[in-house]
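Chemist: This structure is in structure tokens; I'll ask about it shortly.
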Amino acid sequence: MTPAGSLLIAASLHKTYGHTPALDGAEFSIHPGEVVAVMGPSGSGKSTLLHCLAGIVKPDSGSVHYNGRELTALSDAERSGLRRGEFGFVFQFGQLVPELSCAENVALPLRLNGTRRKEAEARASAWLERLEVADVAHKRPGEVSGGQGQRVAVARSLVTGPRVLFADEPTGALDSLNGERVMELLTEAAREARTAVVLVTHEARVAAYSDREVVVRDGKARDMAGAR
Amino acid sequence: MSGQGAPAEEARPHVSVARWAADLAMGGRFAVTGGRESWARTIMTAVGVGLGVALLLLASSVPHMYQQRNDRGDARSTLSFGDTQVKPGPDTLRIADADTTYHDRDIDGTVMAPDGKGTPPLPPGIDRIPAAGEMWVSPALKKLLDSGDGKLLRDRFPYRTIGVIGDGGLSGPTELTYYAGISPKAFGHVNSSQHLDHWGLENKGKNEPLDPALLLLIIVGCVVLLLPVLIFIATAARFGGERRDRRLAALRLVGADIHMTRRIAAGESLFGSLLGLAVGAGLFLLGRGLASGVDVWGISFFASDIVPSAPLALVIAAAVPALAVVVTLIALRGIAIEPLGVVRNAKPKRRRLWWRMLLPLLGLALLLPLAGGFGAGTGGGGDMKAYQAAAGAVLLLIGTTALLPWVVEAVVERFGGRGSVPWQLATRRLQLSSGTASRAVSGITVAVAGALALQMLFASVQAQDSEDTGQDPNRAQLMANVPVSDGDQARDAFARYRATKGVSDLLGVTEDYVSDVRPSEEDPSSIGEEAITVADCPTLREVVRITSCANGDVFLVDSPSYYGEGEGFAKPGAQVNLTYDEEGIPNLKEKKLWTIPATATKVKPRQDPAGGERTGIFATPAAFDVANLPDPDASAMIRLDPKVPDGIEYVRNASVALSPAMDVMRLSSSSQSDEFQAIRKALFIGATATLLLIGASMIVTTLEQLRERKRLLSVLVAFGTRRTTLSWSVLWQTAVPVVLGLALSIAGGLALGVMLLKMVGQPLAVDWSGLSTMTGIGGGVILLVTLVSLPPLWRMMRPEGLRTE
């Protein structure tokens with residue numbers, strides 16, 4: 001697939017941590033509503049690519065265009081604003097604020113954007129229901145199972161209606177049954193909302209939910225032929 | 001892990017001493033061999049415990065410090081008990097106090113001259129009596145005299161320094177004191193002197209029981225200052241607890257049972273606290289060396305004075321490690337260390353109010369019966385009351401602390417979850433672990449509550465103690481009673497003061513007594529006497545109410561009726577006798593007569609600037625020649641020129657030129673006990689230091705929490721959380737327990753203060769300034785903790801935290 005019409009395009013990304021190169025000229029693009037799996041072995045630079053695409057980490061060189069804006073030229077505050085409003089995130093673990101209830105965790109991005117508490121919590125409840133975890137709304141993350149927690153995290157990532165969802169090994173800590181259900185719910189909701197999903201995974205069965213696969217090896221990203 | 005709590009305790013197997021020792025030793029090894037983080041945790045604990053231990057050792061040294069200081073004071077005392085006065089002899093010494101003040105620092109001085117040619121007694125610290133014109137000075141006075149700051153003081157000592165007083169003759173290293181030799185003749189210009197055949201108290205007698213108010217202050221003071229230190233030690237023993245728990249979980253994975261992990265944790269804590277004991281001993285020795293140069297309101301101690309009481313030191317050495325181990329074991333009760341990780345009890349037990357209320361109520365119940373009666377008993381009953389008061393105060397203060405976690409929980413339960421995101425994050429965090437925050441703040445609660453109660457007691461006692469002196473510093477600022485042997489000397493002294501730099505005006509009165517020319521008709525053995533005051537018209541206007549005055553005028557002020565029935569003998573036109581014999585009795589055999597002018601007018605008295613009110617005959621110099629007064633007293637009330645700095649020091653220098661043992665009094669409209677002022681300041685400093693100590697432990701706890709949440713903070717940043725949001729959340733997280741702690745401490749402090757005042761029978765008074773200052777410092781601690789936490793918070797909010805590889 002060509003970058004034309006892409007929502008997010010990265011070109012010639014280089015990023016080094018100390019003396020270790022994480023990205024070495026990586027390229028990437030994604031269209032609205034598309035689910036792209038970023039695959040590769042451990043330490044290949046998948047997560048670094050995701051972090052650069054999301055504006056969490058600034059690449060040493062290269063460009064990341066999002067909806068016509070160069071992310072690397074934006075200030076920290078502007079990138080933070082973008083992440084609050086237009087991006088969503090799901091990580092493998094340790095992402096829910098342990099002292100907040102599940103509903104409050106889902107409502108958090110809305111509240112950070114200035115949405116009133118009641119409205120934020122109402123929208124959060126709707127998402128929790130949609131992800132089949134309405135029953136844990138008032139429980140704290142420590143009181144729910146891993147699968148339930150991950151669905152709460154997915155609800156939180158989608159509650160703001162993001163245009164791009166970044167998911168870094170979203171099922172890495174789940175058993176296969178729970179993992180598959182989370183992926184089903186995630187991709188279904190994203191496709192419905194025409195949210196692009198950048199899905200970092202090393203599991204083929206998770207990548208199977210994507211429209212296209214990109215393999216990162218030694219810091220270089222390669223679009224795989226035969227994309228779904 | 002849904003809803004998982006601590007698993008049921010398995011039956012405790014029999015464990016040998018060797019197993020215990022091995023587990024404890026393993027814990028000790030973990031404290032140091034776990035890399036940089038282990039060391040960091042051990043050092044944090046050791047420094048925290050060390051600070052507390054150093055303070056405890058200092059506190060346990062106080063009895064010895066005061067004993068040594070008092071012993072040295074007693075050894076140079078010139079007080080004698082009984083009626084027998086030492087008669088001058090070949091081996092006696094004549095001395096007079098020659099204390100003075102320089103730039104608000106008191107200087108103790110003694111002038112002396114041997115009465116004969118024998119061996120007069122030597123005061124401690126010097127090896128010969130200074131000859132006339134010589135002096136021994138304390139090291140601190142020598143330093144002051146040699147410094148630029150002491151330039152003006154040098155003029156006050158017309159003596160040659162012959163040596164430095166040894167430590168045995170000083171109450172402390174920073175004491176300003178001197179022994180000066182003067183000629184026997186110079187004692188003629190000294191108001192009062194005495195003869196000594198030895199220095200020091202021979203028979204100290206039985207120690208007088210302490211004033212009940214003072215005893216109460218000491219008891220509560222110790223409780224207030226030492227409880228937070230114990231709480232601080234307990235907090236320090238928990239530093240790095242979460243990381244330790246994870247390590248213990250790893251041990252469970254390789255087969256350690258739950259009891260073993262607890263013993264290992266105890267060993268780790270024991271090692272930290274033992275290291276803390278060593279650090280504390282080191283800090284104490286270091287501080288001991290530095291303390292010898294410290295002067296707090298004129299009180300200082302030699303390093304050799306600061307020796308902890310052996311039994312108390314042993315108690316500290318045993319109790320601190322035990323406390324650390326107990327605290328660790330209690331902390332482990334709330335969590336389950338499982339092979340796959342640490343599970344905190346998801347649903348902590350709801351805090352109970354009843355036993356928390358029981359403690360302060362029990363304290364009040366112990367204190368209430370003492371209301372109005374503390375110190376009334378003697379002997380064993382008195383001791384019992386002291387214990388009862390101490391127990392009551394401790395229970396009330398600890399009860400206030402015990403209430404804090406419940407109050408914090410109740411408030412965050414009621415108000416948490418609403419409002420802004422930072423508030424929500426903070427209150428939810430507190431809801432989950434309010435114990436940690438409350439524990440850290442409980443030290444503040446005790447310190448502030450106790451300090452407030454004591455401040456109230458001080459304020460009230462001080463208000464009682466402060467008297468309206470009747471002095472008017474607007475009319476004159478200084479008062480000097482010049483020892484003169486005749487009226488001419490008085491005139492010369494006034495002239496000398498008038499010529500002194502910094503003096504703008506002087507009100508000089510010369511006073512003596514005159515007598516009736518015949519004995520009383522009712523009682524022939526009694527002869528009526530009346531005071532006579534000679535002064536110029538401007539001065540007379542300050543001491544009697546007159547509308548007009550010219551040199552040559554005489555005024556009369558009737559004595560109060562208690563001097564005798566009817567009118568006195570001093571009437572216009574009456575004759576009075578001016579002669580007295582050596583014993584101060586009117587000499588009617590060799591009368592010297594003076595006739596009160598017939599023009600003398602009766603006037604009313606007026607309080608002079610020094611607060612005194614005179615009666616009798618008031619004569620201007622042209623009406624009565626002061627040279628006729630046989631043994632007058634001369635008082636100079638001095639007005640200073642505000643434009644001349646150090647005017648008071650010039651006047652003091654001029655006074656010493658008139659008499660080697662004379663000091664001037666600064667006039668003040670009210671008198672306050674310096675000791676109370678000093679104790680209040682000391683208490684304020686102590687409470688502030690405690691607050692800062694607690695602030696330091698809160699910083700460590702907050703940083704620890706932040707480090708534990710590094711990944712979560714990165715995730716929050718990933719979805720765009722602003723720095724300010726998290727900064728405010730840290731502020732609220734600190735502020736909520738501190739503000740609630742302060743509110744509780746104000747309530748507890750006021751309650752204890754009211755009880756203490758009732759116990760010593762003082763009127764109720766709230767020290768609002770102390771209260772607001774303490775509250776202000778509490779607020780300062782919140783800000784400080786937040787500000788110090790911000791840079792690491794921002795550092796941890798970097799996206800690097802998301803990296804897992």
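Residues in the structure tokens are numbered from 1 in each chain, the chains being A, B, ... in the order shown, and ligands are numbered from 1 in the order shown.
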I'd like the neighbourhood of Ala4 of chain A as a PyMOL selection string, where a residue qualifies if any of its atoms comes within 10 Å (using only C-alpha atoms), though same-chain residues fewer than 4 positions away should be ignored.

Modeler: chain A and resi 9+29-31

Chemist: For chain B, work out the contacting residues on chain A at 9 Å, counting only C-alpha atoms, and write them as a ChimeraX atom specification.

Modeler: /A:42-43,47-48,51,54-57,77,79-85,87-89,91,94-101,104,108-109,111-112,117,140,142-146,157

Chemist: From segment 331-526 of chain B, collect each residue whose DSSP state is strand (DSSP E or B) and return the set as a ChimeraX atom specification.

Modeler: /B:335-338,341-344,467-468,478-483,503-515

Chemist: Can you pull out every residue within 8 Å of segment 783-795 of chain B, counting only C-alpha atoms, but drop anything in the same chain fewer than 6 positions away, and send it as a list in words?

Modeler: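 Near neighbours after the sequence-gap exclusion: Gly695, Ala696, Met698, Ile699, Thr702, Leu703, Leu706, Arg723, Ser727, Val730, Leu731 and Thr734 of chain B.
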
Chemist: Quick one: pick out all helix (DSSP H, G or I) residues within segment 27-217 of chain A from a backbone DSSP run and write them as a PyMOL selection string.

Modeler: chain A and resi 46-53+71-73+76-85+102-112+117-130+134-136+141-143+146-158+176-192+204-207

Chemist: In Å, rounded to a single decimal, give me how far atom CA of Arg217 of chain A is from atom CA of Leu158 of chain A.

Modeler: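 Separation between atom CA of Leu158 of chain A and atom CA of Arg217 of chain A: 29.4 Å.
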
Chemist: One decimal, Å: what's the distance from atom CA of Glu413 of chain B over to atom CA of Ala751 of chain B, could you say?

Modeler: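 Going from atom CA of Glu413 of chain B over to atom CA of Ala751 of chain B, I get 26.7 Å.
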
Chemist: Applying 9 Å and only C-alpha atoms, which residues near Met774 of chain B remain after dropping the ones on its own chain fewer than 6 positions away? List them as a PyMOL selection string.

Modeler: chain B and resi 448+451-452+684+687-688+742

Chemist: Take the selection from the previous step and output its residues with N, CA and C atoms, as a PDB file, in the first residue's frame.

Modeler:
```pdb
ATOM      1  N   VAL B 448       3.386  19.414  66.550  1.00  0.00           N
ATOM      2  CA  VAL B 448       2.629  20.666  66.551  1.00  0.00           C
ATOM      3  C   VAL B 448       1.647  20.699  67.722  1.00  0.00           C
ATOM      4  N   ALA B 451       3.675  21.286  70.833  1.00  0.00           N
ATOM      5  CA  ALA B 451       4.250  22.634  70.858  1.00  0.00           C
ATOM      6  C   ALA B 451       3.163  23.667  71.129  1.00  0.00           C
ATOM      7  N   LEU B 452       1.982  23.457  70.525  1.00  0.00           N
ATOM      8  CA  LEU B 452       0.881  24.412  70.754  1.00  0.00           C
ATOM      9  C   LEU B 452       0.470  24.421  72.223  1.00  0.00           C
ATOM     10  N   PHE B 684       9.932  26.609  69.835  1.00  0.00           N
ATOM     11  CA  PHE B 684       9.596  26.947  68.457  1.00  0.00           C
ATOM     12  C   PHE B 684      10.631  26.320  67.516  1.00  0.00           C
ATOM     13  N   ALA B 687      10.218  22.511  67.474  1.00  0.00           N
ATOM     14  CA  ALA B 687       9.067  22.073  66.682  1.00  0.00           C
ATOM     15  C   ALA B 687       9.344  22.255  65.190  1.00  0.00           C
ATOM     16  N   THR B 688      10.019  23.358  64.838  1.00  0.00           N
ATOM     17  CA  THR B 688      10.341  23.592  63.431  1.00  0.00           C
ATOM     18  C   THR B 688      11.287  22.500  62.930  1.00  0.00           C
ATOM     19  N   LEU B 742      -2.544  18.855  60.717  1.00  0.00           N
ATOM     20  CA  LEU B 742      -2.434  20.132  61.432  1.00  0.00           C
ATOM     21  C   LEU B 742      -3.736  20.463  62.146  1.00  0.00           C
TER      22      LEU B 742
END
```

Chemist: Between atom CA of Pro139 of chain B and atom CA of Leu122 of chain B, what is the spacing in Å?

Modeler: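 Computed distance, atom CA of Leu122 of chain B to atom CA of Pro139 of chain B, equals 18.6 Å.
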